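A.B. asks: Mind having a look at this structure? Questions to follow.
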Amino acid sequence: IEQVKQQVMAGLDREVLSPAGYLGDLLGAAGDKVVSTLDALRAHTNIAAPDLTALSVMPVANTTTSGFGWREDPINKRRKFHSGADLRGKSGTPVLAAGGGIVICAESKNGYGNLVMIDHGNGLTTRYGHLRTFAVKKGAVVTAGQLVGQVGSTGRTTGPHLHFEVRIEGNPVDPTTALLVGELERESPAMGRLAAQVLQPELQRGKHSDLDAPAKAATPRPERKNATKRERKPLS
């Protein structure tokens, strides 16, 4: 998880924070006006600046085994988009709420298996899949760090782990990045709003998993010179 965190922070620094810091130094006190102008522009162009300050807890600490984005599906080995992060844990490991909110689902859901969904407000929701047991019921009010269930292997899995998702207005985003942006928004709201732009849906849809990106297509074997081609007989 530390390596992934460093990669994400490097990306944020390269794509958002360094340019923003340079702009702030260049304009001095006008920096806040620039951020306000960007907020106004987003309002007119329907580009949301998501509020992720509610997110403060990794549900299962330091155990990311499969990242967010395009990857090789572990079951059918095909290229598939992974809408969350898989957090490894022994069956029965406590699963904690990433932030405070209201439980809007606590039931079995197809490939998710036993699933808890929490609404944190402002279009922000989190999902906790493959749970062994539930510790909350639909309609419950939870706080950040509260027990919501236990790691399990219900649904479509290859073994015990937590499938953790963060969604903004229904669109999945990288959970590790979302937690880091939430921390930045709490510590430096202006910089946090700029950093949140890396979570725009069109950027997230093209992301590849940092841990298990899809394998490259195999290079075809060169044909041997003067080789006799075999004629395949039809199957009977």
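Just remember, in the structure tokens the first chain shown is A, the second B, etc., residues are 1-based per chain, and ligands are 1-based in the order shown.
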Mind checking which residues fall within 9 Å of A:Lys138, counting only C-alpha atoms, ignoring those fewer than 6 positions away in the same chain, and posting them as a ChimeraX atom specification?
C.D. replies: /A:102-107,116-117
A.B. asks: If you keep C-alpha atoms, can you produce a file of those selected residues as a PDB file, in the first residue's frame?
C.D. replies:
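The resulting file, part-v8.pdb, is shown below:
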```pdb
ATOM      1  CA  ILE A 102     -26.130   6.069   6.427  1.00  0.00           C
ATOM      2  CA  VAL A 103     -26.237   2.390   5.469  1.00  0.00           C
ATOM      3  CA  ILE A 104     -28.368   2.119   2.318  1.00  0.00           C
ATOM      4  CA  CYS A 105     -27.755  -1.583   1.628  1.00  0.00           C
ATOM      5  CA  ALA A 106     -26.845  -4.623   3.733  1.00  0.00           C
ATOM      6  CA  GLU A 107     -27.719  -7.727   1.716  1.00  0.00           C
ATOM      7  CA  VAL A 116     -22.773  -3.077   2.592  1.00  0.00           C
ATOM      8  CA  MET A 117     -23.265   0.318   0.947  1.00  0.00           C
TER       9      MET A 117
END
```
A.B. asks: Could you give me, as a Markdown table, a per-residue list for stretch 87-138 of chain A showing, wherever an atom lies at most 10 Å from an atom of stretch 152-165 of chain A, the closest pair of atoms and their distance in Å to one decimal, using only C-alpha atoms and sorting by chain then residue number from low to high?
C.D. replies:
```
| residue | atom | partner | partner_atom | distance |
| --- | --- | --- | --- | --- |
| A:Leu87 | CA | A:Leu162 | CA | 5.0 |
| A:Arg88 | CA | A:His161 | CA | 4.5 |
| A:Gly89 | CA | A:His161 | CA | 5.3 |
| A:Lys90 | CA | A:Pro160 | CA | 6.2 |
| A:Ser91 | CA | A:Gly152 | CA | 4.9 |
| A:Gly92 | CA | A:Gly152 | CA | 6.5 |
| A:Thr93 | CA | A:Gly152 | CA | 8.1 |
| A:Pro94 | CA | A:Gly152 | CA | 10.0 |
| A:Val95 | CA | A:Leu162 | CA | 7.9 |
| A:Ala98 | CA | A:Phe164 | CA | 9.5 |
| A:Ser108 | CA | A:Gly155 | CA | 8.1 |
| A:Lys109 | CA | A:Gly155 | CA | 7.8 |
| A:Asn110 | CA | A:Gly155 | CA | 6.3 |
| A:Gly111 | CA | A:Gly155 | CA | 4.6 |
| A:Tyr112 | CA | A:Gly155 | CA | 5.2 |
| A:Gly113 | CA | A:Gly155 | CA | 3.6 |
| A:Asn114 | CA | A:Thr154 | CA | 6.1 |
| A:Leu115 | CA | A:Thr154 | CA | 9.2 |
| A:Val116 | CA | A:Phe164 | CA | 9.9 |
| A:Met117 | CA | A:Glu165 | CA | 9.2 |
| A:Thr125 | CA | A:Glu165 | CA | 8.2 |
| A:Thr126 | CA | A:Glu165 | CA | 5.4 |
| A:Arg127 | CA | A:Glu165 | CA | 4.9 |
| A:Tyr128 | CA | A:Phe164 | CA | 4.9 |
| A:Gly129 | CA | A:His163 | CA | 4.8 |
| A:His130 | CA | A:Thr154 | CA | 4.5 |
| A:Leu131 | CA | A:Gly152 | CA | 4.5 |
| A:Arg132 | CA | A:Gly152 | CA | 3.9 |
| A:Thr133 | CA | A:Gly152 | CA | 7.5 |
```
A.B. asks: At a cut-off of 12 Å, using only C-alpha atoms, what residues contact A:Gly101? Leave out same-chain residues fewer than 4 positions from it and give the result as a ChimeraX atom specification.
C.D. replies: /A:54-55,97,105,116-126,138-146,148
A.B. asks: Do you have the atom CA of A:Glu185-atom CA of A:Ala61 distance handy?
C.D. replies: 21.0 Å
